[in-house]
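Asker: Contents of coords.cif (mmCIF, C-alpha atoms):
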```cif
data_structure
#
loop_
_atom_site.label_atom_id
_atom_site.label_comp_id
_atom_site.auth_asym_id
_atom_site.auth_seq_id
_atom_site.Cartn_x
_atom_site.Cartn_y
_atom_site.Cartn_z
CA MET A 4 -31.71 18.58 -11.03
CA SER A 5 -28.22 20.00 -11.04
CA GLN A 6 -24.65 18.90 -11.57
CA VAL A 7 -23.39 17.15 -8.48
CA VAL A 8 -20.48 19.42 -7.56
CA THR A 9 -22.16 22.75 -8.21
CA GLY A 10 -25.46 21.61 -6.74
CA VAL A 11 -24.07 20.18 -3.52
CA THR A 12 -21.67 23.12 -3.06
CA GLN A 13 -24.62 25.49 -3.22
CA LYS A 14 -26.49 23.53 -0.58
CA LEU A 15 -23.43 23.35 1.67
CA GLN A 16 -22.98 27.11 1.39
CA ASP A 17 -26.53 27.50 2.70
CA LEU A 18 -25.65 25.31 5.69
CA MET A 19 -22.24 26.86 6.35
CA PRO A 20 -22.44 30.52 5.29
CA ASP A 21 -19.11 32.29 4.81
CA GLN A 22 -17.10 29.13 5.45
CA ILE A 23 -16.47 27.98 1.88
CA GLY A 24 -14.15 29.65 -0.63
CA THR A 25 -10.76 31.27 -0.88
CA ASN A 26 -9.11 31.93 2.50
CA ARG A 27 -12.05 30.38 4.35
CA ARG A 28 -12.34 27.21 6.43
CA TRP A 29 -13.02 24.95 3.47
CA SER A 30 -11.61 25.60 0.01
CA THR A 31 -13.77 24.82 -3.01
CA THR A 32 -11.07 22.42 -4.25
CA ALA A 33 -11.19 20.45 -1.02
CA LEU A 34 -14.96 20.55 -0.99
CA GLU A 35 -15.08 19.11 -4.51
CA ARG A 36 -13.04 16.13 -3.31
CA TYR A 37 -15.45 15.49 -0.44
CA ILE A 38 -18.46 15.87 -2.70
CA MET A 39 -17.08 13.30 -5.12
CA LEU A 40 -16.38 10.93 -2.23
CA ALA A 41 -19.97 11.47 -1.16
CA ASP A 42 -21.23 10.88 -4.69
CA ARG A 43 -19.38 7.55 -4.83
CA ALA A 44 -20.85 6.44 -1.52
CA VAL A 45 -24.34 7.49 -2.57
CA ARG A 46 -24.11 5.78 -5.97
CA GLU A 47 -23.00 2.57 -4.29
CA ARG A 48 -25.80 2.55 -1.76
CA THR A 49 -28.56 3.66 -4.08
CA GLU A 50 -27.46 2.13 -7.40
CA ASN A 51 -29.01 5.06 -9.23
CA LEU A 52 -26.66 5.41 -12.18
CA GLU A 53 -26.68 2.79 -14.89
CA SER A 54 -24.12 2.84 -17.63
CA TYR A 55 -22.18 0.51 -19.88
CA GLN A 56 -18.78 -0.22 -21.32
CA VAL A 57 -18.42 -1.46 -24.88
CA ILE A 58 -15.57 -3.88 -25.42
CA THR A 59 -14.40 -4.80 -28.89
CA LEU A 60 -13.61 -8.49 -28.94
CA LEU A 61 -10.25 -9.70 -30.15
CA ALA A 62 -9.41 -13.00 -31.75
CA ASP A 63 -8.18 -15.69 -29.39
CA THR A 64 -8.57 -13.43 -26.32
CA ILE A 65 -10.46 -14.57 -23.26
CA GLU A 66 -9.96 -11.72 -20.77
CA TYR A 67 -10.67 -7.97 -21.02
CA ALA A 68 -10.13 -5.04 -18.63
CA LEU A 69 -13.16 -3.43 -16.99
CA ASP A 70 -13.59 0.27 -16.24
CA SER A 71 -12.93 1.18 -12.64
CA GLU A 72 -16.15 3.21 -12.46
CA PHE A 73 -18.24 0.06 -12.08
CA ILE A 74 -19.95 -0.69 -8.80
CA ASP A 75 -21.42 -3.94 -10.06
CA VAL A 76 -22.19 -5.72 -13.31
CA PHE A 77 -25.71 -6.94 -13.96
CA ALA A 78 -25.81 -7.77 -17.66
CA VAL A 79 -23.50 -8.46 -20.57
CA GLU A 80 -24.77 -8.31 -24.15
CA PHE A 81 -23.23 -9.43 -27.43
CA ALA A 82 -23.48 -7.84 -30.88
CA ALA A 83 -22.15 -9.73 -33.88
CA ASP A 84 -22.10 -6.54 -35.95
CA GLY A 85 -20.88 -4.28 -33.15
CA SER A 86 -24.18 -2.44 -32.81
CA THR A 87 -27.15 -4.83 -32.67
CA TYR A 88 -27.14 -6.24 -29.18
CA ASP A 89 -29.45 -9.21 -29.41
CA TYR A 90 -27.87 -11.81 -27.16
CA TYR A 91 -27.20 -11.97 -23.42
CA LEU A 92 -24.18 -13.71 -21.97
CA LYS A 93 -24.86 -15.75 -18.86
CA PRO A 94 -22.92 -15.19 -15.63
CA ALA A 95 -20.74 -18.07 -14.52
CA THR A 96 -18.01 -18.86 -12.05
CA LEU A 97 -14.85 -20.69 -13.01
CA ASP A 98 -16.35 -23.81 -11.43
CA ASP A 99 -19.37 -23.42 -13.69
CA LEU A 100 -17.05 -23.20 -16.68
CA ASP A 101 -15.36 -26.41 -15.56
CA GLU A 102 -18.72 -28.13 -15.74
CA ILE A 103 -19.41 -26.72 -19.16
CA SER A 104 -16.07 -27.62 -20.71
CA LEU A 105 -12.80 -28.79 -19.27
CA SER A 106 -11.03 -26.93 -22.07
CA TRP A 107 -12.91 -23.67 -21.58
CA ARG A 108 -9.75 -21.62 -21.71
CA ASP A 109 -8.96 -22.89 -25.18
CA ASP A 110 -12.47 -23.20 -26.60
CA GLY A 111 -13.14 -20.86 -29.52
CA GLY A 112 -16.28 -20.02 -31.41
CA THR A 113 -18.29 -17.34 -33.17
CA ARG A 114 -20.11 -16.04 -30.09
CA PRO A 115 -19.39 -16.07 -26.35
CA ASP A 116 -22.05 -17.64 -24.14
CA TYR A 117 -20.78 -16.97 -20.62
CA TYR A 118 -18.93 -14.35 -18.68
CA CYS A 119 -17.04 -14.44 -15.42
CA LEU A 120 -15.76 -11.52 -13.34
CA VAL A 121 -12.22 -11.60 -12.06
CA GLY A 122 -11.89 -9.32 -9.04
CA ALA A 123 -14.61 -7.10 -7.63
CA PRO A 124 -15.98 -4.64 -10.21
CA GLY A 125 -14.49 -1.20 -9.77
CA THR A 126 -11.05 -2.40 -8.78
CA PRO A 127 -8.56 -0.92 -11.30
CA THR A 128 -7.28 -4.43 -12.11
CA SER A 129 -10.66 -6.14 -12.42
CA THR A 130 -11.40 -7.97 -15.66
CA ILE A 131 -14.16 -9.84 -17.43
CA LEU A 132 -13.50 -13.29 -18.77
CA ILE A 133 -15.61 -14.72 -21.61
CA HIS A 134 -16.31 -18.23 -22.79
CA ARG A 135 -16.03 -19.04 -25.66
CA LYS A 136 -13.42 -16.69 -27.00
CA MET A 137 -13.71 -15.57 -30.60
CA THR A 138 -11.85 -17.70 -33.11
CA SER A 139 -11.74 -14.77 -35.52
CA VAL A 140 -13.30 -11.32 -35.44
CA ASP A 141 -14.45 -8.45 -37.61
CA ALA A 142 -16.63 -6.10 -35.54
CA GLN A 143 -18.02 -8.14 -32.64
CA THR A 144 -18.49 -6.34 -29.36
CA ILE A 145 -19.86 -7.01 -25.91
CA ARG A 146 -21.64 -4.35 -23.87
CA VAL A 147 -21.16 -4.61 -20.11
CA TRP A 148 -23.99 -3.02 -18.13
CA GLY A 149 -23.61 -2.06 -14.51
CA HIS A 150 -24.20 0.54 -11.85
CA ARG A 151 -21.41 3.05 -11.83
CA VAL A 152 -20.04 6.09 -10.07
CA GLY A 153 -20.57 9.46 -11.72
CA ALA A 154 -18.37 12.38 -12.77
CA THR A 155 -18.25 15.90 -11.36
CA THR A 156 -20.72 17.07 -14.00
CA THR A 157 -23.18 14.18 -13.68
CA THR A 158 -26.59 15.51 -12.74
CA VAL A 159 -28.40 14.41 -9.60
CA PRO A 160 -31.90 15.38 -8.43
CA ASP A 161 -31.69 18.21 -5.90
CA ASP A 162 -33.65 16.37 -3.24
CA VAL A 163 -31.24 13.44 -3.53
CA GLN A 164 -28.35 15.83 -2.98
CA ARG A 165 -30.07 17.18 0.11
CA ALA A 166 -30.98 13.73 1.46
CA ALA A 167 -27.74 11.90 0.78
CA HIS A 168 -24.80 13.95 -0.53
CA VAL A 169 -25.00 16.88 1.86
CA PRO A 170 -25.21 14.75 5.04
CA TYR A 171 -22.22 12.69 3.94
CA VAL A 172 -20.03 15.72 3.28
CA MET A 173 -21.14 17.31 6.54
CA ALA A 174 -20.24 14.10 8.41
CA MET A 175 -16.79 14.16 6.86
CA LEU A 176 -16.19 17.81 7.66
CA LYS A 177 -17.59 17.72 11.18
CA ALA A 178 -16.02 14.46 12.34
CA GLY A 179 -12.80 16.34 12.95
CA GLU A 180 -14.57 19.10 14.89
CA ASP A 181 -17.64 17.72 16.61
CA PRO A 182 -18.05 13.92 16.37
CA ARG A 183 -21.56 14.02 17.86
CA GLU A 184 -22.72 16.33 15.11
CA ALA A 185 -20.91 14.15 12.56
CA ALA A 186 -22.71 11.05 13.86
CA MET A 187 -26.01 12.83 13.41
CA TRP A 188 -25.11 13.72 9.81
CA TYR A 189 -23.93 10.19 9.05
CA GLY A 190 -27.21 8.80 10.33
CA ARG A 191 -29.03 11.17 8.04
CA PHE A 192 -26.87 10.04 5.15
CA ILE A 193 -27.79 6.38 5.71
CA ASN A 194 -31.47 7.23 6.03
CA GLY A 195 -31.28 9.44 2.95
CA CYS A 196 -29.78 6.65 0.89
CA GLU A 197 -32.53 4.32 2.07
CA GLU A 198 -35.16 6.77 0.88
CA VAL A 199 -33.50 7.26 -2.47
CA SER A 200 -32.86 3.59 -3.13
CA ARG A 201 -36.50 2.77 -2.45
CA ARG A 202 -37.33 4.75 -5.57
CA THR A 203 -35.31 2.44 -7.78
CA VAL A 204 -35.98 -0.94 -6.19
CA SER A 205 -38.90 -2.82 -7.70
CA ARG A 206 -41.82 -3.23 -5.37
CA TYR A 207 -42.45 -6.59 -7.03
CA ALA A 208 -39.29 -8.25 -5.79
CA ALA A 209 -40.26 -11.65 -7.05
CA GLY A 210 -41.82 -10.27 -10.22
CA PHE A 211 -45.28 -11.14 -11.42
CA MET A 212 -44.55 -12.12 -15.03
CA ASN A 213 -43.26 -15.63 -15.41
CA VAL A 214 -43.42 -17.35 -18.78
CA ASP A 215 -43.07 -20.74 -17.12
CA VAL A 216 -46.49 -20.56 -15.48
CA GLY A 217 -48.61 -19.36 -18.34
CA TYR A 218 -47.86 -15.77 -19.15
CA MET B 23 -10.88 11.31 -6.57
CA ASN B 24 -9.35 7.87 -6.62
CA THR B 25 -5.64 8.71 -6.72
CA TRP B 26 -3.15 8.97 -3.89
CA THR B 27 -2.80 12.67 -4.68
CA ASP B 28 -6.48 13.24 -3.91
CA ILE B 29 -6.65 11.14 -0.76
CA ARG B 30 -3.41 12.56 0.62
CA ALA B 31 -4.60 16.11 0.02
CA ALA B 32 -7.95 15.40 1.68
CA PHE B 33 -6.16 13.97 4.72
CA ARG B 34 -3.90 17.01 5.05
CA ASP B 35 -6.81 19.34 4.60
CA ILE B 36 -9.02 17.74 7.26
CA THR B 37 -6.25 17.36 9.83
CA GLY B 38 -4.89 20.82 9.07
CA ASP B 39 -1.42 19.31 8.79
CA THR B 40 -0.77 20.85 5.40
CA GLY B 41 2.95 21.31 6.04
CA ALA B 42 3.44 17.71 7.21
CA THR B 43 4.66 19.02 10.57
CA ILE B 44 2.72 16.44 12.59
CA PHE B 45 2.65 13.40 10.33
CA SER B 46 5.43 12.66 7.89
CA ALA B 47 4.73 11.64 4.32
CA ALA B 48 6.02 8.16 5.13
CA THR B 49 3.63 7.81 8.08
CA VAL B 50 0.65 8.90 6.04
CA ALA B 51 1.50 6.51 3.19
CA ARG B 52 1.99 3.72 5.70
CA TRP B 53 -1.51 4.27 7.08
CA ALA B 54 -2.96 4.23 3.59
CA ASN B 55 -1.28 0.92 2.87
CA LEU B 56 -2.47 -0.52 6.17
CA ALA B 57 -5.98 0.51 5.16
CA LEU B 58 -5.62 -1.18 1.78
CA GLY B 59 -4.30 -4.33 3.42
CA ASP B 60 -7.14 -4.43 5.94
CA LEU B 61 -9.80 -3.80 3.29
CA CYS B 62 -8.40 -6.37 0.91
CA GLU B 63 -7.95 -9.05 3.51
CA ALA B 64 -11.54 -8.61 4.64
CA ALA B 65 -13.11 -8.28 1.20
CA ARG B 66 -10.66 -10.27 -0.97
CA TYR B 67 -11.56 -8.02 -3.85
CA ILE B 68 -8.53 -8.69 -6.07
CA ASP B 69 -8.35 -11.96 -7.97
CA ASP B 70 -5.18 -12.66 -9.84
CA GLN B 71 -3.56 -15.55 -11.61
CA TYR B 72 0.03 -16.61 -11.72
CA VAL B 73 1.62 -19.08 -14.09
CA VAL B 74 4.74 -20.79 -12.82
CA SER B 75 6.90 -23.37 -14.54
CA ALA B 76 6.49 -26.81 -13.03
CA SER B 77 9.41 -29.15 -13.23
CA ALA B 78 9.71 -32.86 -12.67
CA GLY B 79 10.41 -33.64 -9.04
CA VAL B 80 9.50 -30.19 -7.71
CA GLY B 81 6.51 -30.34 -5.39
CA THR B 82 5.99 -26.81 -4.03
CA TYR B 83 5.67 -23.49 -5.81
CA ALA B 84 5.62 -19.96 -4.40
CA ILE B 85 3.52 -17.02 -5.44
CA SER B 86 6.37 -14.55 -5.27
CA SER B 87 4.12 -11.50 -4.85
CA GLY B 88 2.21 -13.09 -1.99
CA GLY B 89 -1.52 -12.98 -1.39
CA TYR B 90 -4.34 -13.82 0.97
CA GLY B 91 -5.37 -17.20 -0.32
CA VAL B 92 -5.38 -19.63 -3.21
CA THR B 93 -8.72 -20.26 -4.88
CA ARG B 94 -7.79 -22.56 -7.71
CA VAL B 95 -4.87 -24.46 -9.24
CA GLU B 96 -4.91 -25.84 -12.76
CA TYR B 97 -2.65 -27.02 -15.53
CA ASP B 98 -3.44 -27.86 -19.15
CA GLY B 99 -7.19 -27.90 -18.53
CA ASN B 100 -6.90 -30.04 -15.39
CA VAL B 101 -8.29 -28.51 -12.24
CA LEU B 102 -6.65 -29.83 -9.10
CA PHE B 103 -8.70 -30.74 -6.04
CA PRO B 104 -7.84 -28.92 -2.83
CA ILE B 105 -6.63 -31.04 0.07
CA THR B 106 -4.88 -30.38 3.37
CA ARG B 107 -1.53 -31.70 4.45
CA ASN B 108 -3.25 -33.54 7.29
CA GLY B 109 -5.49 -35.17 4.72
CA LEU B 110 -2.46 -36.31 2.81
CA ARG B 111 -0.73 -37.56 5.93
CA SER B 112 -3.63 -39.83 6.69
CA HIS B 113 -3.98 -40.82 3.06
CA ALA B 114 -0.47 -41.79 2.07
CA ARG B 115 2.63 -42.36 4.14
CA ASP B 116 4.89 -41.28 1.28
CA TRP B 117 2.82 -38.27 0.27
CA SER B 118 5.72 -35.84 0.44
CA THR B 119 7.87 -37.80 -1.98
CA ARG B 120 5.46 -39.66 -4.22
CA THR B 121 5.71 -38.66 -7.88
CA GLY B 122 3.18 -39.04 -10.64
CA LEU B 123 0.47 -36.92 -12.22
CA PRO B 124 -0.65 -34.09 -9.90
CA ARG B 125 -4.31 -34.36 -8.92
CA PHE B 126 -4.45 -32.42 -5.66
CA TYR B 127 -3.00 -29.20 -4.31
CA TYR B 128 -2.40 -28.13 -0.74
CA LEU B 129 -1.14 -24.98 0.94
CA THR B 130 1.90 -24.92 3.13
CA GLU B 131 1.14 -23.76 6.63
CA LEU B 132 1.82 -20.30 7.97
CA SER B 133 4.30 -21.67 10.48
CA GLN B 134 6.35 -23.04 7.64
CA THR B 135 6.30 -20.16 5.15
CA PRO B 136 4.99 -16.99 6.76
CA ASP B 137 6.01 -14.60 3.98
CA TYR B 138 4.68 -16.18 0.83
CA LEU B 139 1.94 -18.44 -0.36
CA TYR B 140 3.32 -21.82 -1.31
CA VAL B 141 1.26 -24.32 -3.24
CA GLY B 142 2.15 -27.97 -2.97
CA LEU B 143 1.22 -30.53 -5.60
CA TYR B 144 0.24 -34.10 -4.89
CA GLU B 145 1.53 -36.11 -6.53
CA ILE B 146 4.78 -34.37 -7.32
CA PRO B 147 5.07 -34.06 -11.11
CA SER B 148 7.07 -36.94 -12.50
CA SER B 149 7.78 -34.97 -15.66
CA ASN B 150 7.86 -31.30 -16.61
CA LEU B 151 4.41 -29.76 -17.14
CA ALA B 152 4.58 -28.22 -20.60
CA ASN B 153 2.59 -25.07 -19.82
CA GLY B 154 3.36 -24.77 -16.14
CA ILE B 155 0.71 -24.53 -13.45
CA ARG B 156 -1.76 -21.65 -13.20
CA ILE B 157 -2.53 -20.53 -9.66
CA TRP B 158 -5.56 -18.31 -9.01
CA TYR B 159 -5.18 -16.38 -5.81
CA GLN B 160 -6.46 -13.41 -3.88
CA ALA B 161 -3.74 -10.82 -4.32
CA TYR B 162 -2.40 -7.95 -2.25
CA PRO B 163 -3.31 -4.46 -3.48
CA THR B 164 -0.53 -2.39 -4.99
CA ALA B 165 0.91 -0.10 -2.33
CA VAL B 166 0.42 3.65 -2.66
CA SER B 167 3.61 5.60 -3.06
CA ASP B 168 4.63 9.23 -3.13
CA ALA B 169 6.77 8.32 -6.12
CA SER B 170 3.66 7.65 -8.23
CA PRO B 171 0.90 9.69 -6.60
CA SER B 172 -1.32 9.90 -9.68
CA SER B 173 -1.83 6.14 -9.89
CA GLU B 174 -5.30 4.89 -9.06
CA ILE B 175 -5.51 3.41 -5.59
CA GLU B 176 -6.23 -0.27 -5.93
CA VAL B 177 -9.62 -0.34 -4.32
CA PRO B 178 -12.97 -0.07 -6.09
CA ASP B 179 -13.54 3.58 -7.00
CA TRP B 180 -16.66 3.90 -4.92
CA ALA B 181 -14.90 2.62 -1.77
CA VAL B 182 -11.83 4.85 -1.92
CA GLY B 183 -13.20 6.97 0.94
CA ALA B 184 -12.50 4.07 3.29
CA VAL B 185 -8.76 4.62 2.86
CA LEU B 186 -9.14 8.25 3.93
CA PHE B 187 -11.29 7.34 6.94
CA TYR B 188 -8.75 4.78 8.13
CA MET B 189 -5.94 7.33 7.87
CA LEU B 190 -7.98 9.91 9.79
CA ARG B 191 -8.82 7.37 12.47
CA GLU B 192 -5.13 6.69 12.95
CA ALA B 193 -4.29 10.39 12.95
CA TYR B 194 -6.76 11.21 15.70
CA THR B 195 -5.70 8.13 17.68
CA SER B 196 -2.00 8.99 17.60
CA ASP B 197 -0.47 10.49 20.70
CA THR B 198 -0.02 14.04 19.43
CA GLN B 199 -0.32 17.20 21.47
CA THR B 200 -2.65 18.91 19.03
CA LEU B 201 -4.83 16.31 17.33
CA GLN B 202 -5.41 13.33 19.60
CA ASP B 203 -9.12 12.90 20.21
CA PHE B 204 -10.59 9.45 20.60
CA SER B 205 -14.16 10.50 19.92
CA LYS B 206 -13.13 11.92 16.57
CA ALA B 207 -11.08 8.81 15.87
CA ASP B 208 -14.13 6.71 16.71
CA MET B 209 -16.32 8.65 14.30
CA TYR B 210 -13.91 8.16 11.42
CA GLY B 211 -13.56 4.54 12.52
CA ILE B 212 -17.32 4.06 12.21
CA MET B 213 -17.28 5.54 8.72
CA TYR B 214 -14.38 3.28 7.79
CA GLU B 215 -16.01 0.13 9.09
CA ASP B 216 -19.28 1.02 7.40
CA THR B 217 -17.62 1.40 4.00
CA LYS B 218 -15.59 -1.75 4.58
CA SER B 219 -18.70 -3.77 5.30
CA ARG B 220 -20.23 -2.55 2.04
CA LEU B 221 -17.09 -3.61 0.18
CA VAL B 222 -17.09 -7.06 1.77
CA GLY B 223 -20.68 -7.59 0.68
CA ARG B 224 -20.09 -6.48 -2.88
CA SER B 225 -16.88 -8.40 -3.29
CA ARG B 226 -18.22 -11.68 -1.97
CA ALA B 227 -21.22 -11.54 -4.26
CA ALA B 228 -20.10 -10.03 -7.52
CA LEU B 229 -21.98 -12.04 -10.12
CA PRO B 230 -25.71 -11.72 -10.74
CA LYS B 231 -27.25 -15.10 -10.20
CA ASN B 232 -30.05 -15.25 -12.73
CA TRP B 233 -28.84 -18.53 -14.12
CA GLU B 234 -27.47 -21.77 -12.76
CA TYR B 235 -25.76 -24.42 -14.77
CA GLY B 236 -27.95 -27.41 -15.33
CA GLN B 237 -31.20 -25.71 -14.37
CA PRO B 238 -33.74 -25.37 -17.17
CA GLY B 239 -35.72 -22.26 -17.79
CA ARG B 240 -32.99 -19.73 -16.97
CA PRO B 241 -32.73 -16.88 -17.55
CA SER B 242 -36.40 -16.06 -17.24
CA LEU B 243 -38.24 -13.18 -18.85
CA ASN B 244 -38.78 -11.70 -15.43
CA VAL B 245 -37.53 -8.25 -16.29
CA LEU B 246 -39.00 -6.47 -13.29
CA ASN B 247 -36.67 -7.78 -10.65
CA ARG B 248 -33.51 -5.76 -11.10
CA LEU B 249 -32.00 -6.96 -7.86
CA PRO B 250 -31.18 -10.61 -8.41
CA ASP B 251 -29.37 -12.81 -5.94
CA ARG B 252 -25.64 -12.69 -6.29
CA ILE B 253 -22.91 -15.30 -6.34
CA PRO B 254 -19.21 -15.03 -5.62
CA ALA B 255 -16.76 -14.46 -8.41
CA PRO B 256 -14.82 -16.07 -9.94
#
```
Let's see the structure in the file written out as structure tokens.

Answerer:
Amino acid sequence: MSQVVTGVTQKLQDLMPDQIGTNRRWSTTALERYIMLADRAVRERTENLESYQVITLLADTIEYALDSEFIDVFAVEFAADGSTYDYYLKPATLDDLDEISLSWRDDGGTRPDYYCLVGAPGTPTSTILIHRKMTSVDAQTIRVWGHRVGATTTTVPDDVQRAAHVPYVMAMLKAGEDPREAAMWYGRFINGCEEVSRRTVSRYAAGFMNVDVGY
Amino acid sequence: MNTWTDIRAAFRDITGDTGATIFSAATVARWANLALGDLCEAARYIDDQYVVSASAGVGTYAISSGGYGVTRVEYDGNVLFPITRNGLRSHARDWSTRTGLPRFYYLTELSQTPDYLYVGLYEIPSSNLANGIRIWYQAYPTAVSDASPSSEIEVPDWAVGAVLFYMLREAYTSDTQTLQDFSKADMYGIMYEDTKSRLVGRSRAALPKNWEYGQPGRPSLNVLNRLPDRIPAP
């Protein structure tokens, strides 16, 4: 396990000796950019970094900005005291909200029940919309869980770097020199992501615990 | 890594055109904006809403910033039903002049208003709508500009590489003495299309579907399945 930029740089130096650094083919600054592009692509394909954003609710406010680091959103929790998250909001579309209440934009209450995403998560302008909005507030928060992209210092297992990050960066670098080699690296990147994502996907896709049938 | 500064620098670095001797700053920015337009039209990843005053007797309203499509029109808690102009033509001879309470909305055709999205109301409001009409639409991304290079590019963070790949594809396609190479352009094109396809998938299915309105027993206590079906947002 190592930080993504330092770890991947090390592995690239092994593959391309004497080509990285000051006055060489690839500067470390440029390489860092490519590594972070690779990290974003890998995080998206493998969904291997979970994180959350806490949003303090405001009175009479229905819409809140989302961080642009999100790849997707899979759960939204509510805490009446700002720390004890004991209630899940349910996902809904605007059409769902229409069925729930024709005055959903104006409905107020003491706890939101539903959330709706406006724009794809990760877009700088994307927002989350809640129903019902808070009539009044003291410390209520929601916690938005999702898969996210990492930072330059986020750690990644070394074998994941080898399987996914390194091939992606190599594909980027080599596409402008030798497209056939780049195609080979890009194929390895896709395969590497497949391997990595299989670690995090449940083997019991349908689940085996279902309270409705007796558990 | 999601600002124009970063992407522009990566482009210059890979092409070796650090002094902008082959491609001008304007050309490079234009390619980036073409990439954003192509990505956004395919994935429709920006939802926006626009409130416009609605006056008695006025039947059509423009979204001045433009966009790719209208998804919803509402006013004062009333959601209008979508309908086509052909539908209206067959429904009511006086559809274009009839006034009353709006219940339907239609879009003007491209041949009529190619630059902007215009929403038409049927019936035409017979009195001013107190709070205007709210139009939900799929918006254009904000263009990148050398005047504000540190702004985040309006594409999901994880997909920002697609903008770079598009620019590189164009660079290696262009008829230059030093850089033109279609096989290299193809390789960057493959990487661009691959990222674009991921973005389309994620944008069209943004919400986790572990609950449906009106269906009992949701959400379940099935905590093992972390990859639920997805539904479009909003």

Asker: Expand the PyMOL selection byres ((chain B and resi 157) around 10) into the explicit residue set it covers here, and present it as a list in words.

Answerer: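 This file gives the following for the PyMOL selection byres ((chain B and resi 157) around 10): Asp70, Gln71, Tyr72, Val73, Val74, Tyr83, Ala84, Ile85, Val92, Thr93, Arg94, Val95, Glu96, Tyr97, Val141, Gly154, Ile155, Arg156, Trp158, Tyr159 and Gln160 of chain B.
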
Asker: Between B:Met209, B:Val166, B:Asp216, B:Ala184, which residue has the minimum interatomic distance to Ala48 (chain B), considering all atoms listed in the file?

Answerer: B:Val166

Asker: Applied to this file, what does the PyMOL selection byres ((chain A) within 7 of (chain B)) return in terms of residues, put as a ChimeraX atom specification?

Answerer: /A:33,36,39-40,43-44,47,71-72,74-75,77,93-94,96-97,99,105-106,119-127,152,178-179,182,186,205,207-210,212-214

Asker: Report the distance between CA of Arg107 (chain B) and CA of Ile146 (chain B) in Å, rounded to one decimal place.

Answerer: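 Distance between the two atoms: 13.6 Å.
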
Asker: Interatomic distance between CA of His150 (chain A) and CA of Tyr55 (chain A)?

Answerer: 8.3 Å

Asker: Residues at most 8 Å from Gly85 (chain A), counting only C-alpha atoms, excluding those fewer than 2 positions away in the same chain, as a short mmCIF file (atom, residue, chain, number, x, y, z; two decimals) with C-alpha atoms, in the frame of the given file?

Answerer:
```cif
data_model
loop_
_atom_site.label_atom_id
_atom_site.label_comp_id
_atom_site.auth_asym_id
_atom_site.auth_seq_id
_atom_site.Cartn_x
_atom_site.Cartn_y
_atom_site.Cartn_z
CA THR A 59 -14.40 -4.80 -28.89
CA ALA A 82 -23.48 -7.84 -30.88
CA ALA A 83 -22.15 -9.73 -33.88
CA THR A 87 -27.15 -4.83 -32.67
CA TYR A 88 -27.14 -6.24 -29.18
CA ALA A 142 -16.63 -6.10 -35.54
CA GLN A 143 -18.02 -8.14 -32.64
CA THR A 144 -18.49 -6.34 -29.36
CA ILE A 145 -19.86 -7.01 -25.91
#
```

Asker: Do you know which residues are at most 10 Å from Leu60 (chain A) counting only C-alpha atoms, after dropping those on the same chain fewer than 3 positions away, and could you put them as a ChimeraX atom specification?

Answerer: /A:57,63-67,81,83,85,115,133,136-137,139-145

Asker: Could you check how far CA of Asp168 (chain B) sits from CA of Ala51 (chain B), in Å to one decimal?

Answerer: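 We find that CA of Asp168 (chain B) and CA of Ala51 (chain B) lie 7.6 Å from each other.
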
Asker: Looking at A:Ser104, A:Thr130, A:Ser5, A:Thr12, which one is nearest to Thr32 (chain A), with distances taken over all atoms listed in the file?

Answerer: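 Of the candidates, the smallest distance to Thr32 (chain A) is held by A:Thr12.
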
Asker: For Ala47 (chain B), list every protein, DNA or RNA residue within 12 Å, evaluated using all atoms listed in the file, and leave out those in the same chain fewer than 5 positions away; present the list as a ChimeraX atom specification.

Answerer: /B:26-27,30-31,33-34,39-42,52-54,166-169,171

Asker: Find the residues near Gly59 (chain B): any atom within 8 Å, counting only C-alpha atoms, skip ones fewer than 3 places away on the same chain, and give them as a list in words.

Answerer: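 Counting only C-alpha atoms, the residues come to Asn55, Leu56, Cys62, Glu63, Tyr162 and Pro163 of chain B.
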
Asker: Taking the file as I've supplied it (selection: the PyMOL selection byres ((chain B and resi 143) around 9)), which residues are included? Please answer as a CSV table (one decimal) with C-alpha atoms, in the frame of the given file.

Answerer:
```
chain,number,residue,atom,x,y,z
B,80,VAL,CA,9.5,-30.2,-7.7
B,81,GLY,CA,6.5,-30.3,-5.4
B,82,THR,CA,6.0,-26.8,-4.0
B,83,TYR,CA,5.7,-23.5,-5.8
B,102,LEU,CA,-6.6,-29.8,-9.1
B,124,PRO,CA,-0.6,-34.1,-9.9
B,125,ARG,CA,-4.3,-34.4,-8.9
B,126,PHE,CA,-4.4,-32.4,-5.7
B,127,TYR,CA,-3.0,-29.2,-4.3
B,128,TYR,CA,-2.4,-28.1,-0.7
B,129,LEU,CA,-1.1,-25.0,0.9
B,141,VAL,CA,1.3,-24.3,-3.2
B,142,GLY,CA,2.2,-28.0,-3.0
B,144,TYR,CA,0.2,-34.1,-4.9
B,145,GLU,CA,1.5,-36.1,-6.5
B,146,ILE,CA,4.8,-34.4,-7.3
B,147,PRO,CA,5.1,-34.1,-11.1
```

Asker: I want to know what sits within 6 Å of Asn150 (chain B), based on all atoms listed in the file, with residues of the same chain fewer than 3 positions away left out; could you give that as JSON, numbers by chain?

Answerer: {"B": [76, 77, 78]}

Asker: First collect every listed atom of region 32-36 of chain B; then fit an axis-aligned box around them, widen it by 6 Å on each side, and give centre and edge lengths in Å to one decimal, as AutoDock Vina command-line options.

Answerer:
```
--center_x -6.5 --center_y 16.7 --center_z 4.5 --size_x 17.1 --size_y 17.4 --size_z 17.6
```

Asker: Pick the closest to Ala64 (chain B) from B:Asn153, B:Ile44, B:Gly91, B:Thr164: which is it, counting all atoms listed in the file?

Answerer: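 Looking only at the distances to Ala64 (chain B), the closest residue turns out to be B:Gly91.
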